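Below you'll find the structure, written out as structure tokens, and then a few comments.
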Amino acid sequence: MEPVDALRRIAFLLERSRASTYRVEAYRSAAKAILPLGEDEVRRRVTDRTLRDIPGIGPSTSTVIEQAVAGQVPDKLAELETESAGPLAEGGEELRAALRGDLHSHSDWSDGGSPIEEMVATAMELGHEYLALTDHSPRLTVANGLTAERLRRQLGVVDAINTHTGDAFTLLKAIEVDILDDGTLDQEPGLLGELDVRVASVHSKLAMGSTAMTRRMLTAVGDPLTNVLGHCTGRMVMPRAGDRAGDRSGRRGGGRTRAQSTFDARAVFEACAESGTAVEINSRPERQDPPEDLMALALELGCLFALSTDAHAPGQLDFLAYGCARAEKVGVPPGLIVNTWPLEDLLEWAAPGG
Ligand SMILES: [Zn+2]
Ligand SMILES: [Zn+2]
């Protein structure tokens, strides 16, 4: 195993088990530091014992590199593979196998912890055919939301990546757009229209009264640009992983649980069913949103679903297993989950007016 692959695999396993940012960062930085050096140079530095002169390489990461160069499975990796490499959840395996991609992920352009390329590499390693890059919108300044200008620039990066990955994989142009207080979407409509997929979520004033929140959500769901209603209740059932895992999302008011927003779920899901908007099944362990009773109600009312990770670090792309276990428990058929669909069908459904 190449040293870079060993370091990346360790980071991945730590992230999916929600280890501390600090622990994960060391492995990600070390992989980044030796990537441009090339195999011979890394080997030479191991022999000369000068690995640790490279900024970003510390005691534990240099051991991993030395052991990988010596043709061994690094101890740290062997330990993690034994301890934590198994499936994250029990149940939902068939559904997991049916998923072709993920419609909710963040990069370091907003509050994710890793570059877009790293998210893509990991998504491809997980066997995804597509991944929607859904960085935040302008008003979510605490999450470094993208202005129209930055989003336009990001679309160019997405194009370049897709040229590279070819037919094997597609990075979808997307956004997690804030649902503003009046239900409108926090980005220029024209620019939103250029994207492949739009996830709309409430991130502010989560405790507003039920009538106002219902009106707000109905306006967003009724917008022809909205494809997916993200984490609809906003609840946090445990402290955010960001406080402990390789992402930056937990820095905003993290560490606390949060009650779900109150709204007329029947009215909102009826509107979703009517407009073909998918209700997101958010797989993050701290969100588990919607709760099972609401997921069952959405199913009863004929909604489509998007089963997504909301990953803020590459390892979190594996959180799909949690969402699959919950969806199976409620009995959501795979065919109603839009990210089990082939890319072509997904794009047709998501196209404004599609
Ligand atoms: Zn969100
Ligand atoms: Zn998100």
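Naming works like this for the structure tokens: A, B, ... for the chains as they're shown, residue 1 at the start of each chain, ligands 1 onward in shown order.
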For region 311-319 of chain A: contacts at 10 Å, only C-alpha atoms, fewer than 3 positions along chain excluded, given as a PyMOL selection string
chain A and resi 8-18+21+24+87-89+101-108+110-123+126+128+131+133-135+241-242+245-250+282-285+308+322-324
Find the residues near ligand 1. Use a cut-off of 8 Å, count only C-alpha atoms and all ligand atoms, and write them as a PyMOL selection string.
chain A and resi 136+176+201-203+230-231+310
Expected file: the selected residues, N, CA, C and O atoms, as a short mmCIF file (atom, residue, chain, number, x, y, z; two decimals), in the first residue's frame:
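Saved the output as result.cif:
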data_model
loop_
_atom_site.label_atom_id
_atom_site.label_comp_id
_atom_site.auth_asym_id
_atom_site.auth_seq_id
_atom_site.Cartn_x
_atom_site.Cartn_y
_atom_site.Cartn_z
N HIS A 136 -22.94 25.76 1.17
CA HIS A 136 -23.98 26.67 1.67
C HIS A 136 -24.12 27.95 0.85
O HIS A 136 -23.25 28.30 0.05
N GLU A 176 -26.79 23.73 -1.15
CA GLU A 176 -27.74 23.67 -0.04
C GLU A 176 -28.12 25.11 0.21
O GLU A 176 -27.36 25.88 0.82
N SER A 201 -32.88 24.18 2.66
CA SER A 201 -32.96 23.85 4.09
C SER A 201 -33.15 25.10 4.93
O SER A 201 -32.68 26.18 4.59
N VAL A 202 -33.80 24.90 6.08
CA VAL A 202 -33.94 25.95 7.07
C VAL A 202 -32.76 25.85 8.04
O VAL A 202 -32.47 24.78 8.57
N HIS A 203 -32.04 26.97 8.22
CA HIS A 203 -30.92 26.99 9.17
C HIS A 203 -31.06 28.09 10.22
O HIS A 203 -30.25 28.20 11.12
N GLY A 230 -34.24 19.76 2.67
CA GLY A 230 -33.19 19.23 3.54
C GLY A 230 -33.60 19.18 5.00
O GLY A 230 -34.38 20.03 5.45
N HIS A 231 -33.08 18.20 5.74
CA HIS A 231 -33.31 18.02 7.20
C HIS A 231 -34.47 18.84 7.73
O HIS A 231 -34.28 19.82 8.46
N ASP A 310 -25.12 14.53 4.01
CA ASP A 310 -24.78 15.84 4.56
C ASP A 310 -23.34 15.78 5.08
O ASP A 310 -23.00 16.37 6.11
#
Minimum-distance residue to ligand 2, chosen among A:Leu206, A:Ala143, A:Ala259, A:Val237 (using only C-alpha atoms and all ligand atoms):
A:Ala143
Using only C-alpha atoms, which protein or nucleic acid residues come within 8 Å of region 185-187 of chain A? Drop anything in the same chain fewer than 6 positions from it, and give the result as an mmCIF file with C-alpha atoms, in the first residue's frame.
data_model
loop_
_atom_site.group_PDB
_atom_site.id
_atom_site.type_symbol
_atom_site.label_atom_id
_atom_site.label_comp_id
_atom_site.auth_asym_id
_atom_site.auth_seq_id
_atom_site.Cartn_x
_atom_site.Cartn_y
_atom_site.Cartn_z
ATOM 1 C CA SER A 137 -25.564 29.872 0.343
ATOM 2 C CA PRO A 138 -24.517 33.526 1.066
ATOM 3 C CA ARG A 139 -26.610 34.363 4.141
ATOM 4 C CA THR A 147 -21.734 34.321 -2.807
ATOM 5 C CA ALA A 148 -23.049 34.159 -6.371
ATOM 6 C CA VAL A 177 -29.655 26.892 -0.302
ATOM 7 C CA ASP A 178 -31.021 28.559 2.812
ATOM 8 C CA ILE A 179 -34.759 28.931 3.114
ATOM 9 C CA ALA A 200 -33.317 23.801 0.304
ATOM 10 C CA ALA A 220 -39.838 26.981 -0.435
#
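The closest residue to Gly234 (chain A), picked from A:Glu328, A:Asp289, A:Glu280, A:Asp264 and counting only C-alpha atoms, is A:Asp289.
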Quick one: residues within 7 Å of region 303-305 of chain A, only C-alpha atoms counted, chain neighbours fewer than 4 positions away excluded, as an MDAnalysis selection string?
chainID A and resid 269 272:273 276:281 298:299 336:338
For the residues in that selection, give me all heavy atoms as an mmCIF file, in the first residue's frame.
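Once written, selection_23.cif looks like this:
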data_model
loop_
_atom_site.group_PDB
_atom_site.id
_atom_site.type_symbol
_atom_site.label_atom_id
_atom_site.label_comp_id
_atom_site.auth_asym_id
_atom_site.auth_seq_id
_atom_site.Cartn_x
_atom_site.Cartn_y
_atom_site.Cartn_z
ATOM 1 N N PHE A 269 -45.708 18.024 3.580
ATOM 2 C CA PHE A 269 -45.440 16.809 2.793
ATOM 3 C C PHE A 269 -46.432 16.658 1.633
ATOM 4 O O PHE A 269 -46.078 16.153 0.569
ATOM 5 C CB PHE A 269 -45.457 15.565 3.691
ATOM 6 C CG PHE A 269 -44.322 15.534 4.697
ATOM 7 C CD1 PHE A 269 -44.453 14.831 5.897
ATOM 8 C CD2 PHE A 269 -43.118 16.181 4.451
ATOM 9 C CE1 PHE A 269 -43.417 14.786 6.829
ATOM 10 C CE2 PHE A 269 -42.076 16.152 5.374
ATOM 11 C CZ PHE A 269 -42.228 15.450 6.567
ATOM 12 N N CYS A 272 -44.966 18.677 -0.953
ATOM 13 C CA CYS A 272 -43.814 17.977 -1.541
ATOM 14 C C CYS A 272 -44.292 16.940 -2.558
ATOM 15 O O CYS A 272 -43.759 16.844 -3.672
ATOM 16 C CB CYS A 272 -42.987 17.276 -0.450
ATOM 17 S SG CYS A 272 -42.006 18.391 0.563
ATOM 18 N N ALA A 273 -45.307 16.159 -2.159
ATOM 19 C CA ALA A 273 -45.838 15.116 -3.050
ATOM 20 C C ALA A 273 -46.380 15.749 -4.327
ATOM 21 O O ALA A 273 -46.138 15.269 -5.437
ATOM 22 C CB ALA A 273 -46.917 14.313 -2.331
ATOM 23 N N GLY A 276 -43.430 17.138 -6.449
ATOM 24 C CA GLY A 276 -42.339 16.207 -6.763
ATOM 25 C C GLY A 276 -41.053 16.541 -6.039
ATOM 26 O O GLY A 276 -39.972 16.108 -6.442
ATOM 27 N N THR A 277 -41.148 17.317 -4.971
ATOM 28 C CA THR A 277 -39.966 17.643 -4.161
ATOM 29 C C THR A 277 -39.659 16.459 -3.238
ATOM 30 O O THR A 277 -40.562 15.948 -2.569
ATOM 31 C CB THR A 277 -40.238 18.908 -3.305
ATOM 32 O OG1 THR A 277 -40.581 19.980 -4.176
ATOM 33 C CG2 THR A 277 -39.031 19.278 -2.462
ATOM 34 N N ALA A 278 -38.417 16.047 -3.215
ATOM 35 C CA ALA A 278 -38.042 14.911 -2.378
ATOM 36 C C ALA A 278 -37.816 15.356 -0.935
ATOM 37 O O ALA A 278 -37.235 16.414 -0.692
ATOM 38 C CB ALA A 278 -36.773 14.256 -2.920
ATOM 39 N N VAL A 279 -38.296 14.560 0.002
ATOM 40 C CA VAL A 279 -38.032 14.810 1.420
ATOM 41 C C VAL A 279 -36.700 14.135 1.742
ATOM 42 O O VAL A 279 -36.524 12.944 1.485
ATOM 43 C CB VAL A 279 -39.160 14.215 2.300
ATOM 44 C CG1 VAL A 279 -38.824 14.343 3.783
ATOM 45 C CG2 VAL A 279 -40.492 14.895 1.979
ATOM 46 N N GLU A 280 -35.774 14.909 2.268
ATOM 47 C CA GLU A 280 -34.464 14.332 2.578
ATOM 48 C C GLU A 280 -34.523 13.432 3.807
ATOM 49 O O GLU A 280 -35.118 13.782 4.817
ATOM 50 C CB GLU A 280 -33.444 15.456 2.836
ATOM 51 C CG GLU A 280 -32.045 14.915 3.171
ATOM 52 C CD GLU A 280 -31.050 16.033 3.461
ATOM 53 O OE1 GLU A 280 -31.061 16.567 4.588
ATOM 54 O OE2 GLU A 280 -30.290 16.374 2.529
ATOM 55 N N ILE A 281 -33.882 12.272 3.686
ATOM 56 C CA ILE A 281 -33.595 11.442 4.853
ATOM 57 C C ILE A 281 -32.132 11.733 5.162
ATOM 58 O O ILE A 281 -31.230 11.295 4.453
ATOM 59 C CB ILE A 281 -33.824 9.949 4.547
ATOM 60 C CG1 ILE A 281 -35.297 9.707 4.195
ATOM 61 C CG2 ILE A 281 -33.388 9.085 5.744
ATOM 62 C CD1 ILE A 281 -35.596 8.303 3.677
ATOM 63 N N ALA A 298 -44.670 11.093 5.472
ATOM 64 C CA ALA A 298 -44.272 11.501 4.119
ATOM 65 C C ALA A 298 -44.488 10.348 3.132
ATOM 66 O O ALA A 298 -44.936 10.553 1.996
ATOM 67 C CB ALA A 298 -42.808 11.955 4.114
ATOM 68 N N LEU A 299 -44.189 9.140 3.589
ATOM 69 C CA LEU A 299 -44.384 7.951 2.749
ATOM 70 C C LEU A 299 -45.871 7.760 2.445
ATOM 71 O O LEU A 299 -46.265 7.547 1.292
ATOM 72 C CB LEU A 299 -43.804 6.725 3.470
ATOM 73 C CG LEU A 299 -43.911 5.387 2.766
ATOM 74 C CD1 LEU A 299 -43.136 5.382 1.448
ATOM 75 C CD2 LEU A 299 -43.386 4.262 3.676
ATOM 76 N N LEU A 336 -38.603 4.829 -4.489
ATOM 77 C CA LEU A 336 -39.050 6.188 -4.170
ATOM 78 C C LEU A 336 -37.896 7.086 -3.754
ATOM 79 O O LEU A 336 -38.073 8.275 -3.522
ATOM 80 C CB LEU A 336 -40.085 6.153 -3.029
ATOM 81 C CG LEU A 336 -41.448 5.530 -3.341
ATOM 82 C CD1 LEU A 336 -42.367 5.632 -2.126
ATOM 83 C CD2 LEU A 336 -42.097 6.201 -4.548
ATOM 84 N N ILE A 337 -36.715 6.487 -3.614
ATOM 85 C CA ILE A 337 -35.544 7.271 -3.214
ATOM 86 C C ILE A 337 -34.800 7.677 -4.484
ATOM 87 O O ILE A 337 -34.273 6.821 -5.213
ATOM 88 C CB ILE A 337 -34.655 6.447 -2.255
ATOM 89 C CG1 ILE A 337 -35.469 6.101 -0.994
ATOM 90 C CG2 ILE A 337 -33.373 7.196 -1.910
ATOM 91 C CD1 ILE A 337 -34.803 5.133 -0.049
ATOM 92 N N VAL A 338 -34.786 8.976 -4.756
ATOM 93 C CA VAL A 338 -34.311 9.446 -6.067
ATOM 94 C C VAL A 338 -32.839 9.122 -6.342
ATOM 95 O O VAL A 338 -32.441 8.990 -7.496
ATOM 96 C CB VAL A 338 -34.567 10.963 -6.278
ATOM 97 C CG1 VAL A 338 -36.071 11.269 -6.250
ATOM 98 C CG2 VAL A 338 -33.829 11.800 -5.237
#
For Gly92 (chain A): contacts at 12 Å, only C-alpha atoms, fewer than 6 positions along chain excluded, given as a ChimeraX atom specification:
/A:98-99,307,320-334
Put those residues in a file: C-alpha atoms, as a PDB file, in the first residue's frame.
ATOM      1  CA  ALA A  98     -29.294   0.199  -4.465  1.00  0.00           C
ATOM      2  CA  LEU A  99     -28.015   3.745  -3.890  1.00  0.00           C
ATOM      3  CA  LEU A 307     -31.271   9.638   1.182  1.00  0.00           C
ATOM      4  CA  LEU A 320     -25.428   6.528   4.184  1.00  0.00           C
ATOM      5  CA  ALA A 321     -25.626   3.263   6.128  1.00  0.00           C
ATOM      6  CA  TYR A 322     -27.363   5.051   9.009  1.00  0.00           C
ATOM      7  CA  GLY A 323     -30.022   6.565   6.768  1.00  0.00           C
ATOM      8  CA  CYS A 324     -30.593   3.233   4.996  1.00  0.00           C
ATOM      9  CA  ALA A 325     -31.193   1.423   8.284  1.00  0.00           C
ATOM     10  CA  ARG A 326     -33.789   4.028   9.301  1.00  0.00           C
ATOM     11  CA  ALA A 327     -35.504   4.112   5.892  1.00  0.00           C
ATOM     12  CA  GLU A 328     -35.782   0.327   5.836  1.00  0.00           C
ATOM     13  CA  LYS A 329     -37.272   0.328   9.327  1.00  0.00           C
ATOM     14  CA  VAL A 330     -40.016   2.682   8.136  1.00  0.00           C
ATOM     15  CA  GLY A 331     -40.458   0.648   4.935  1.00  0.00           C
ATOM     16  CA  VAL A 332     -39.487   3.249   2.339  1.00  0.00           C
ATOM     17  CA  PRO A 333     -39.234   1.401  -1.016  1.00  0.00           C
ATOM     18  CA  PRO A 334     -35.894   1.958  -2.823  1.00  0.00           C
TER      19      PRO A 334
END
Need the shell around Ala265 (chain A): protein/DNA/RNA residues with any atom at most 8 Å away, counting only C-alpha atoms. Skip same-chain ones fewer than 3 positions apart. Format as a PyMOL selection string?
chain A and resi 214+268-269+294
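From CA of Arg100 (chain A) back to CA of Pro342 (chain A), the distance works out to 7.2 Å.
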Need the shell around Leu225 (chain A): protein/DNA/RNA residues with any atom at most 8 Å away, counting only C-alpha atoms. Skip same-chain ones fewer than 5 positions apart. Format as number ranges by chain?
A: 189, 192-193, 198, 352
Using only C-alpha atoms and all ligand atoms, the shortest atom-to-atom distance to ligand 2 among A:Gly145, A:Gly91, A:Pro3, A:Pro239 belongs to A:Gly145
Using backbone DSSP assignments, extract all helix (DSSP H, G or I) residues from region 77-258 of chain A; output them as an MDAnalysis selection string.
chainID A and resid 77:84 93:98 116:125 141:143 148:168 189:194 210:222 241:243 249:251
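Comparing the minimum interatomic distances between ligand 2 and each of A:Asn162, A:Met295, A:Asn227, A:Leu140, counting only C-alpha atoms and all ligand atoms, we find that A:Leu140 sits nearest.
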Taking into account only C-alpha atoms and all ligand atoms, which residue in the set A:Val228, A:Asp223, A:Ala296, A:Val4 is nearest to ligand 2?
A:Val228
CA of Ala19 (chain A) to CA of Met1 (chain A), straight-line distance in Å
23.3 Å
Between CA of Thr170 (chain A) and CA of Tyr130 (chain A), distance in Å (one decimal):
4.7 Å
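Across A:Leu51, A:Ala132, A:Ala85, A:Ile161, the tightest approach to ligand 2 is made by A:Ala132 when counting only C-alpha atoms and all ligand atoms.
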